[in-house]
>>> print(open('coords-v2.cif').read())   # mmCIF, C-alpha atoms
data_target
#
loop_
_atom_site.label_atom_id
_atom_site.label_comp_id
_atom_site.auth_asym_id
_atom_site.auth_seq_id
_atom_site.Cartn_x
_atom_site.Cartn_y
_atom_site.Cartn_z
CA ALA A 43 20.96 -33.91 -113.76
CA ASN A 44 20.08 -31.26 -111.15
CA ARG A 45 17.62 -33.56 -109.41
CA VAL A 46 17.31 -33.10 -105.64
CA VAL A 47 17.98 -36.31 -103.68
CA PHE A 48 17.33 -34.60 -100.34
CA ARG A 49 17.47 -31.13 -98.84
CA GLN A 50 19.44 -29.70 -95.95
CA GLY A 51 17.32 -29.76 -92.77
CA GLU A 52 15.11 -32.70 -93.80
CA VAL A 53 14.78 -35.78 -91.61
CA GLY A 54 17.24 -38.47 -92.68
CA THR A 55 15.66 -41.83 -93.43
CA SER A 56 18.12 -43.38 -95.90
CA TRP A 57 21.77 -43.81 -96.83
CA TYR A 58 22.75 -43.69 -100.49
CA ILE A 59 25.52 -45.33 -102.52
CA ILE A 60 26.35 -43.97 -105.97
CA VAL A 61 26.38 -46.82 -108.48
CA SER A 62 27.07 -44.53 -111.43
CA GLY A 63 27.21 -40.78 -111.98
CA SER A 64 28.01 -38.08 -109.45
CA VAL A 65 26.26 -35.75 -107.02
CA ASN A 66 27.05 -32.35 -105.58
CA VAL A 67 26.93 -31.67 -101.85
CA LEU A 68 25.49 -28.20 -101.17
CA VAL A 69 25.42 -26.30 -97.89
CA SER A 70 23.62 -23.07 -97.13
CA ALA A 71 23.40 -20.73 -94.16
CA PRO A 72 20.35 -21.44 -91.98
CA GLY A 73 17.22 -20.06 -93.65
CA LYS A 74 19.02 -19.07 -96.87
CA THR A 75 18.57 -22.05 -99.22
CA GLU A 76 19.00 -19.89 -102.32
CA ASP A 77 22.63 -19.18 -101.33
CA SER A 78 23.80 -22.81 -101.32
CA ILE A 79 27.41 -23.50 -102.24
CA VAL A 80 28.91 -26.75 -103.52
CA VAL A 81 31.29 -28.04 -100.83
CA ALA A 82 32.01 -31.47 -102.32
CA THR A 83 31.29 -33.80 -105.20
CA LYS A 84 30.68 -37.52 -104.65
CA VAL A 85 31.31 -40.07 -107.39
CA ALA A 86 30.52 -43.71 -108.17
CA GLY A 87 31.45 -45.99 -105.28
CA GLU A 88 30.98 -43.32 -102.62
CA GLY A 89 28.11 -43.01 -100.20
CA PHE A 90 26.26 -40.13 -98.58
CA GLY A 91 23.51 -39.46 -96.07
CA GLU A 92 24.83 -41.53 -93.17
CA LEU A 93 25.49 -38.50 -90.96
CA ALA A 94 21.79 -37.88 -90.30
CA LEU A 95 21.22 -41.59 -89.59
CA VAL A 96 24.14 -41.98 -87.19
CA ASN A 97 23.49 -38.73 -85.31
CA ASP A 98 19.67 -38.80 -85.48
CA ALA A 99 19.89 -35.25 -86.76
CA PRO A 100 18.46 -33.34 -89.74
CA ARG A 101 20.32 -33.50 -93.03
CA ALA A 102 23.46 -31.33 -92.82
CA ALA A 103 23.54 -30.67 -96.57
CA SER A 104 21.49 -30.89 -99.74
CA ILE A 105 22.36 -33.41 -102.44
CA LEU A 106 21.82 -32.57 -106.11
CA THR A 107 22.66 -34.89 -109.01
CA ALA A 108 25.41 -33.50 -111.23
CA CYS A 109 24.58 -35.84 -114.12
CA PRO A 110 22.36 -38.87 -114.71
CA CYS A 111 22.87 -41.16 -111.68
CA VAL A 112 22.03 -44.60 -110.46
CA LEU A 113 21.75 -44.59 -106.66
CA LEU A 114 21.32 -47.46 -104.26
CA ARG A 115 19.08 -46.41 -101.36
CA VAL A 116 19.42 -48.19 -98.00
CA GLU A 117 16.72 -47.53 -95.41
CA LYS A 118 17.74 -46.59 -91.84
CA VAL A 119 16.71 -49.95 -90.33
CA ASP A 120 18.84 -51.82 -92.89
CA TYR A 121 21.73 -49.36 -92.46
CA ASN A 122 21.70 -50.01 -88.70
CA ARG A 123 21.63 -53.78 -89.32
CA ILE A 124 24.67 -53.46 -91.61
CA LEU A 125 26.50 -51.41 -88.96
CA ARG A 126 25.77 -54.03 -86.28
CA PHE A 127 26.97 -56.82 -88.56
CA VAL A 128 30.20 -54.96 -89.41
CA HIS A 129 30.77 -54.08 -85.73
CA ASN A 130 30.22 -57.69 -84.61
CA LYS A 131 32.53 -59.02 -87.32
CA GLU A 132 35.27 -56.53 -86.39
CA GLN A 133 34.83 -57.27 -82.68
CA LYS A 134 35.15 -61.04 -83.24
CA GLU A 135 38.25 -60.45 -85.35
CA LYS A 136 39.80 -58.34 -82.56
CA VAL A 137 38.98 -60.93 -79.85
CA PHE A 138 40.43 -63.70 -82.04
CA PHE A 139 43.63 -61.66 -82.40
CA LEU A 140 43.82 -60.81 -78.68
CA ARG A 141 43.53 -64.50 -77.74
CA LYS A 142 46.84 -65.09 -79.52
CA VAL A 143 48.68 -62.30 -77.67
CA PRO A 144 50.63 -63.91 -74.80
CA ILE A 145 49.66 -61.38 -72.11
CA PHE A 146 45.96 -62.06 -72.78
CA VAL A 147 45.91 -65.89 -72.89
CA HIS A 148 44.29 -66.15 -69.44
CA PHE A 149 41.74 -63.40 -69.99
CA THR A 150 38.06 -64.37 -70.17
CA TYR A 151 36.05 -63.87 -73.34
CA GLY A 152 34.20 -61.02 -71.56
CA ASN A 153 37.45 -59.25 -70.70
CA LEU A 154 38.76 -59.67 -74.24
CA THR A 155 35.48 -58.32 -75.59
CA ALA A 156 35.75 -55.28 -73.31
CA ILE A 157 39.26 -54.61 -74.64
CA ALA A 158 38.07 -55.15 -78.23
CA ASN A 159 35.32 -52.56 -77.72
CA VAL A 160 37.86 -49.78 -77.05
CA MET A 161 40.54 -51.05 -79.42
CA THR A 162 41.03 -49.37 -82.80
CA MET A 163 42.76 -50.90 -85.81
CA ARG A 164 45.11 -48.83 -87.94
CA THR A 165 47.09 -49.70 -91.02
CA TYR A 166 50.50 -48.14 -91.47
CA SER A 167 52.42 -47.92 -94.71
CA VAL A 168 56.06 -48.99 -94.89
CA GLY A 169 58.35 -46.34 -93.43
CA SER A 170 55.72 -44.51 -91.38
CA TYR A 171 56.15 -43.90 -87.66
CA VAL A 172 53.76 -45.46 -85.15
CA ILE A 173 55.30 -43.75 -82.12
CA THR A 174 57.85 -40.95 -82.28
CA GLU A 175 60.70 -40.89 -79.79
CA GLY A 176 60.05 -38.42 -76.96
CA THR A 177 56.26 -38.47 -77.38
CA PRO A 178 54.37 -39.64 -74.27
CA ILE A 179 52.90 -43.11 -74.78
CA ASN A 180 49.29 -43.34 -73.62
CA LYS A 181 48.18 -46.49 -75.44
CA MET A 182 49.46 -49.92 -76.30
CA HIS A 183 50.28 -50.80 -79.90
CA PHE A 184 49.98 -54.40 -81.14
CA VAL A 185 51.36 -55.77 -84.37
CA LYS A 186 48.58 -57.74 -86.06
CA SER A 187 50.53 -58.47 -89.23
CA GLY A 188 53.85 -57.45 -90.71
CA LYS A 189 56.86 -56.14 -88.82
CA CYS A 190 57.62 -52.98 -86.91
CA GLU A 191 61.17 -51.81 -86.33
CA ILE A 192 62.15 -50.09 -83.07
CA LEU A 193 64.65 -47.30 -83.70
CA LYS A 194 66.67 -45.07 -81.36
CA THR A 195 67.91 -41.69 -82.57
CA LEU A 196 71.47 -40.94 -81.51
CA ARG A 197 73.23 -37.59 -81.81
CA LEU A 198 76.84 -37.90 -82.94
CA SER A 199 79.64 -35.66 -81.67
CA ASN A 200 79.58 -33.73 -84.96
CA GLY A 201 75.89 -32.87 -84.38
CA ALA A 202 74.50 -35.28 -86.98
CA THR A 203 71.82 -37.80 -85.98
CA VAL A 204 71.59 -41.46 -86.86
CA GLN A 205 68.81 -43.98 -86.24
CA VAL A 206 69.99 -47.25 -84.72
CA PRO A 207 67.73 -50.34 -84.85
CA LEU A 208 67.04 -51.75 -81.36
CA GLY A 209 64.74 -54.60 -82.34
CA THR A 210 61.72 -55.71 -84.32
CA LEU A 211 58.11 -56.36 -83.32
CA GLU A 212 56.18 -59.05 -85.17
CA ASN A 213 52.69 -60.57 -85.11
CA GLY A 214 51.19 -60.54 -81.61
CA GLU A 215 53.98 -58.45 -80.11
CA TYR A 216 53.34 -55.06 -78.57
CA ILE A 217 54.82 -51.88 -77.17
CA GLY A 218 53.51 -49.19 -74.85
CA GLU A 219 52.41 -51.24 -71.85
CA ALA A 220 54.68 -49.27 -69.49
CA GLY A 221 53.08 -45.97 -70.50
CA VAL A 222 49.59 -47.38 -70.00
CA LEU A 223 50.27 -49.16 -66.71
CA CYS A 224 52.24 -46.31 -65.15
CA ASP A 225 49.82 -43.57 -66.20
#
>>> encode(input="coords-v2.cif", output="structure tokens")
Amino acid sequence: ANRVVFRQGEVGTSWYIIVSGSVNVLVSAPGKTEDSIVVATKVAGEGFGELALVNDAPRAASILTACPCVLLRVEKVDYNRILRFVHNKEQKEKVFFLRKVPIFVHFTYGNLTAIANVMTMRTYSVGSYVITEGTPINKMHFVKSGKCEILKTLRLSNGATVQVPLGTLENGEYIGEAGVLCD
């Protein structure tokens, strides 16, 4: 316990994953290391230290073990290799999905890859809104899996509102193309 893993301001050379135990994340005002405050605690299964690797910047915080810990240390070169692998896998998954979307069937692999590079994947829980009525649409939304219900809010003569289903989007279907094309 109370062992320093790294200090705020040091050069970042590794990413860490906590196998067991926990660590405290401490931040201090520049030049005042004795006044560090605990801003977070990380536990088994969580990682830390990637910020300095990704941004090529000094460590933004100090890490101090809170109890006996087992840490997995991943050097920067290996961390970057892992990131490339994950990015390539996600990109291939996106291109594979886009190939099945009817409006993209005639697109080249290069064009699909370009779209995949700017495309983000999000998971929505049941009952959450993807787009809210009246909000400007500035991106297309594709259904990769599951179903998405399209609802219209109507105001009744007594002032109450009711949501009326207009349709359902399923795998490979999309909404928002008019907002993107007309922008």
>>> atom_distance(input="coords-v2.cif", atom1="atom CA of A:Glu135", atom2="atom CA of A:His148")
17.9 Å
>>> resolve_selection(input="coords-v2.cif", expression="the PyMOL selection byres ((chain A and resi 101-117) around 6)", output="ChimeraX atom specification")
/A:43-52,54,56-69,94,100,118-120
>>> resolve_selection(input="coords-v2.cif", expression="the PyMOL selection byres ((chain A and resi 180-190) around 6)", output="list of chain:residue names")
A:Ile179, A:Glu191, A:Thr210, A:Leu211, A:Glu212, A:Asn213, A:Gly214, A:Glu215, A:Tyr216, A:Ile217, A:Gly218, A:Glu219, A:Gly221, A:Val222
>>> atom_distance(input="coords-v2.cif", atom1="atom CA of A:Leu93", atom2="atom CA of A:Asn130")
20.8 Å
>>> residues_around(input="coords-v2.cif", residues="A:Leu208", least_positions_apart="3", cutoff="7 Å", atoms="all atoms listed in the file", output="PDB file with C-alpha atoms, in the coordinates of the input")
ATOM      1  CA  ILE A 192      62.150 -50.090 -83.070  1.00  0.00           C
ATOM      2  CA  LEU A 193      64.650 -47.300 -83.700  1.00  0.00           C
ATOM      3  CA  LYS A 194      66.670 -45.070 -81.360  1.00  0.00           C
TER       4      LYS A 194
END
>>> atom_distance(input="coords-v2.cif", atom1="atom CA of A:Tyr151", atom2="atom CA of A:Val137")
7.7 Å
>>> closest_residue(input="coords-v2.cif", among="A:Ile124, A:Val85, A:Ile173, A:Val53", to="A:Asp98", atoms="all atoms listed in the file")
A:Val53
>>> resolve_selection(input="coords-v2.cif", expression="the PyMOL selection byres ((chain A and resi 154-164) around 7)", output="PyMOL selection string")
chain A and resi 133+136-137+140+149-153+165-166
